[in-house]
Amino acid sequence: MVEKKLQCPNCNEIITLTGNPGDIVSIVCPSCATKGSYNFKKTYISENSAVEVSNLRKVYGELVAVNDISFSVKKGEVFAFLGPNGAGKTTTVEMIESIRKKTAGNIKILGIDIENSFDLVKEKIGILPQEFYSFEKLTVRETLDYFSQLYKKRANIDSIIEAMDLKAEENKLYKDLSGGLKQRVGVAISLVNDPEIVFLDEPSTGLDPKARREVWEVIQGLRNKGKTIFLTTHYMEEAEYLADHIAIIHKGKIIAEGSLEELINRYGEQSVLRIKNCKTKNTFDILKDYGLEVEREGNGDISVKIHYKERVLDILSILKSECIEYSTIDIRRSNLEEIFLKLTGARLSGSAS
Amino acid sequence: MNLKFIKTDLILGIKQWVRSPGTVFWTILFPILLILIFGAIFSSGTEVRFDLVVQDLDESTTSNEFVGILDNISGVNIIDLKAGKDVTKYMHDEDKKVALVIPEGFESIIFEYMQSQHDPNSTFDMNNLPFNLRIIVDPTDQTSPSILRSIINSVIQQFNINITGGQNLFGLTEEKSVGEDFEYIDFFVPGMIGFTIMTSMIYGSIERNTKYRKNGILRKLLTMPISRSEWILSKMLFMLFLSFISTFVIIIVGILAWGLNIHMSIFFFILVICTSFMFSGLGMIIGRFVKEEETADMAGGAITFPMMFLSGTFFPLAQMPEFLQTIARVLPLFYVNEGFRNAMIYNDFGETIYYTAFVVAFTLVFFIIGAFVTKWKED
């Protein structure tokens with residue numbers, strides 16, 4: 001049974017409801033008799049779930065930092081929690097990591113409710129906190145040794161050093177490493193106990209594009225090894241590049257969730273194939289005769305809307321069979337930035353060039 | 001409690017400390033410099049004296065003979081003090097470190113003893129033996145008293161052998177002179193120990209609780225199997241290691257450079273341990289409520305520096321205005337300093353207990369509050 005407090009939109013009366021996940025409860029305001037209903041969202045219960053979050057809420061005084069969010073992370077996937085700074089990403093992940101107290105809601109990691117049993121999952125998770133900076137007077141190897149000694153289950157440090165490509169730096173002091181290497185060491189630290197789930201909170205923030213790419217490659221490598229990755233980021237390219245599943249959070253609420261493909265299909269604009277520098281004069285009419293949605297662009301280029309990706313091959317065949325000459329073609333499709341803009345009217349602040 | 005976790009974290013602390021020249025400087029070299037500088041400024045010299053003030057209350061032929069034996073020993077300079085003079089006052093006024101008082105009856109006890117050996121009806125009570133001579137020593141000077149004590153003892157033993165064939169006819173009891181004329185270094189070193197432990201512990205705690213929080217290390221540890229109590233314990237062991245290292249370095253330099261004389265007792269160790277825990281607790285409290293590293297450092301300075309000057313660390317409290325003396329008596333460092341002085345230098349058991357009790361009480365309050373308010377978890 002879950003308890004929920006709601007505010008009547010007409011008279012601001014606080015109404016307390018109780019129900020089970022999945023229940024839809026009718027409401028009648030005792031003060032003004034306004035009618036409504038509330039859907040107690042189903043708790044995500046799946047053997048395949050690495051992380052299950054239900055009705056999670058965090059309130060600081062009057063500020064609702066995380067507003068009743070629910071989601072699930074499947075084992076073996078890269079889950080990206082995408083949102084601008086201050087959206088509630090770190091607050092959420094820190095509640096999942098039991099670093100921060102939650103106001104309400106349930107969190108399960110590997111099927112274990114962490115409310116009173118977080119100790120049971122400590123050996124199974126690895127965490128890179130936001131803006132993590134390790135002991136500056138220890139070498140890379142000593143750092144990894146230190147953290148691994150604090151676990152019962154330990155991964156082979158040599159393997160981690162090799163996998164993270166830190167062999168050349170293993171005897172360097174942490175303080176002497178570049179930002180990218182420090183972050184790579186941070187990821188390596190999160191692996192010292194060979195965890196099933198790795199939480200990476202903004203792992204590439206503050207890094208230059210090259211270092212960011214290096215961190216992405218490391219995360220790709222972890223995914224290939226079957227680790228579940230819970231990634232928070234405000235870089236849409238990072239989420240697009242790495243994530244199997246994306247949840248977009250804005251002002252403490254999840255506003256969209258799904259794979260990149262699903263999000264684009266659901267919220268994005270139609271993809272467009274653009275024929276640049278077209279030299280065949282009647283190209284526009286030829287393509288229109290084939291029943292395609294064609295538009296002329298200001299610079300003389302021609303764009304064709306694509307309803308489904310197989311259509312691209314059809315268009316290319318038409319261009320070839322009609323001997324249409326052009327310099328290049330490109331396909332433009334919606335990205336997460338546009339989806340975020342469409343859903344919120346605001347832009348994601350970060351950009352990972 | 002996982003001892004392996006504690007050991008691992010303790011080794012981490014030592015490694016980081018050894019690799020931080022700045023920290024090593026503040027912990028070891030800075031106190032050494034202060035000892036040498038202050039010692040050079042204020043010390044009135046460390047010349048070892050073998051003057052022996054002798055007050056012969058018996059004024060007999062035998063007591064004269066006894067003094068004569070002492071006077072013939074090279075290196076011992078006998079200074080006669082007439083009966084009726086206050087020995088301790090004389091020692092204080094003339095800066096003498098050792099005095100011997102030969103009580104009245106010195107000669108007659110020999111006669112009574114010898115007579116008892118030939119007269120079976122003698123009333124001489126062997127249970128009243130030995131007949132004690134009094135040696136009065138200045139507790140701040142261990143060199144002269146220890147040498148003169150052993151010389152006097154050997155002369156007494158020789159007397160005993162000659163007269164009784166081995167029985168202890170004469171003995172020696174020891175008293176302290178009024179100990180208010182200690183060398184400055186004797187006053188300064190215990191204060192330096194208290195001050196060094198205070199600064200290391202407060203700043204160490206502040207660093208852990210602000211820097212580690214800022215760098216995400218506390219958040220990281222919170223998600224790991226090591227518990228908060230294991231972590232605090234390992235840090236405390238490391239801080240104790242630092243305290244003992246710096247304390248012994250200060251003492252060794254004090255001994256080598258200025259001939260410092262100290263008494264090692266269990267109270268000395270209790271004081272080192274309690275002081276470490278007490279000021280770590282104070283650092284934890286500061287670190288909990290002052291989040292920014294730089295601000296926390298300033299807060300640490302705002303507490304340590306006034307306390308250093310107001311607690312009689314470098315200058316005796318008596319030299320300060322009365323209202324400052326009143327303030328000093330509510331500061332924990334005052335009790336630490338006085339505790340160390342009484343335990344290490346004055347060797348005054350009663351005073352040591354008194355000040356140690358205050359230190360223990362302060363420790364319980366500060367460390368318990370500090371450990372209680374130290375949180376890894378964010379609100």
# chains A, B, ... in the order shown; residues from 1 in each chain; ligands from 1

$ residues_around --residues "Glu131 (chain A)" --least-positions-apart "5" --cutoff "12 Å" --atoms "only C-alpha atoms" --output "number ranges by chain"
A: 90, 179, 182-183, 186-187, 200-207; B: 212-217, 219-220

$ interface_residues --of "chain B" --to "chain A" --cutoff "7 Å" --atoms "only C-alpha atoms" --output "list in words"
Phe5, Thr8, Gln16, Arg19, Asn215, Gly216, Ile217, Arg219, Lys220, Leu222, Thr223, Met224, Pro225, Ile226, Lys377, Glu378 and Asp379 of chain B

$ select_by_dssp --residues "region 18-260 of chain A" --states "alpha helix (DSSP H)" --output "tab-separated table (two decimals) with C-alpha atoms, in the first residue's frame"
chain	number	residue	atom	x	y	z
A	89	LYS	CA	19.77	13.85	-12.04
A	90	THR	CA	22.40	13.77	-9.31
A	91	THR	CA	19.81	14.01	-6.56
A	92	THR	CA	18.10	10.97	-8.05
A	93	VAL	CA	21.24	8.91	-8.56
A	94	GLU	CA	22.50	9.80	-5.07
A	95	MET	CA	19.22	8.61	-3.58
A	96	ILE	CA	19.65	5.36	-5.50
A	114	ILE	CA	17.73	-0.59	-0.31
A	115	GLU	CA	15.67	1.18	2.35
A	116	ASN	CA	17.23	-0.91	5.11
A	117	SER	CA	19.38	-3.32	3.13
A	118	PHE	CA	21.80	-1.14	1.22
A	119	ASP	CA	24.73	-3.00	2.77
A	120	LEU	CA	23.63	-6.09	0.84
A	121	VAL	CA	24.20	-4.39	-2.50
A	140	VAL	CA	47.14	5.07	-9.81
A	141	ARG	CA	47.96	1.53	-8.72
A	142	GLU	CA	47.98	2.42	-5.03
A	143	THR	CA	44.64	4.17	-5.45
A	144	LEU	CA	43.08	1.10	-7.03
A	145	ASP	CA	44.69	-1.15	-4.41
A	146	TYR	CA	43.34	1.02	-1.60
A	147	PHE	CA	39.76	1.00	-2.83
A	148	SER	CA	39.84	-2.70	-3.72
A	149	GLN	CA	41.06	-3.57	-0.21
A	157	ILE	CA	43.84	-4.70	-10.56
A	158	ASP	CA	46.15	-5.54	-13.47
A	159	SER	CA	43.14	-6.36	-15.63
A	160	ILE	CA	41.47	-3.09	-14.71
A	161	ILE	CA	44.62	-1.11	-15.44
A	162	GLU	CA	44.88	-2.82	-18.79
A	163	ALA	CA	41.20	-2.45	-19.64
A	179	GLY	CA	41.61	15.55	-16.34
A	180	GLY	CA	40.72	12.75	-18.73
A	181	LEU	CA	43.07	10.30	-17.03
A	182	LYS	CA	41.76	11.26	-13.60
A	183	GLN	CA	38.26	10.53	-14.79
A	184	ARG	CA	39.43	7.23	-16.28
A	185	VAL	CA	40.97	6.36	-12.91
A	186	GLY	CA	37.61	7.30	-11.33
A	187	VAL	CA	35.86	4.83	-13.60
A	188	ALA	CA	38.56	2.26	-12.82
A	189	ILE	CA	37.94	2.78	-9.08
A	209	PRO	CA	36.39	16.59	-26.47
A	210	LYS	CA	39.31	14.15	-26.84
A	211	ALA	CA	39.24	13.13	-23.18
A	212	ARG	CA	35.47	12.84	-23.35
A	213	ARG	CA	35.75	10.47	-26.30
A	214	GLU	CA	38.23	8.38	-24.31
A	215	VAL	CA	35.79	8.10	-21.44
A	216	TRP	CA	33.05	7.12	-23.87
A	217	GLU	CA	35.24	4.35	-25.25
A	218	VAL	CA	35.80	3.09	-21.71
A	219	ILE	CA	32.05	3.03	-21.07
A	220	GLN	CA	31.48	1.23	-24.38
A	221	GLY	CA	34.02	-1.34	-23.24
A	222	LEU	CA	32.14	-1.85	-19.98
A	223	ARG	CA	28.88	-2.34	-21.85
A	224	ASN	CA	30.57	-4.93	-24.06
A	236	MET	CA	22.86	14.79	-25.44
A	237	GLU	CA	25.63	13.43	-27.72
A	238	GLU	CA	26.86	11.31	-24.82
A	239	ALA	CA	23.42	9.83	-24.30
A	240	GLU	CA	22.93	9.34	-28.05
A	241	TYR	CA	26.32	7.70	-28.44
A	242	LEU	CA	26.24	5.42	-25.42
A	260	LEU	CA	16.92	6.84	-28.86

$ atom_distance --atom1 "CA of Asp285 (chain A)" --atom2 "CA of Ile318 (chain A)"
12.3 Å
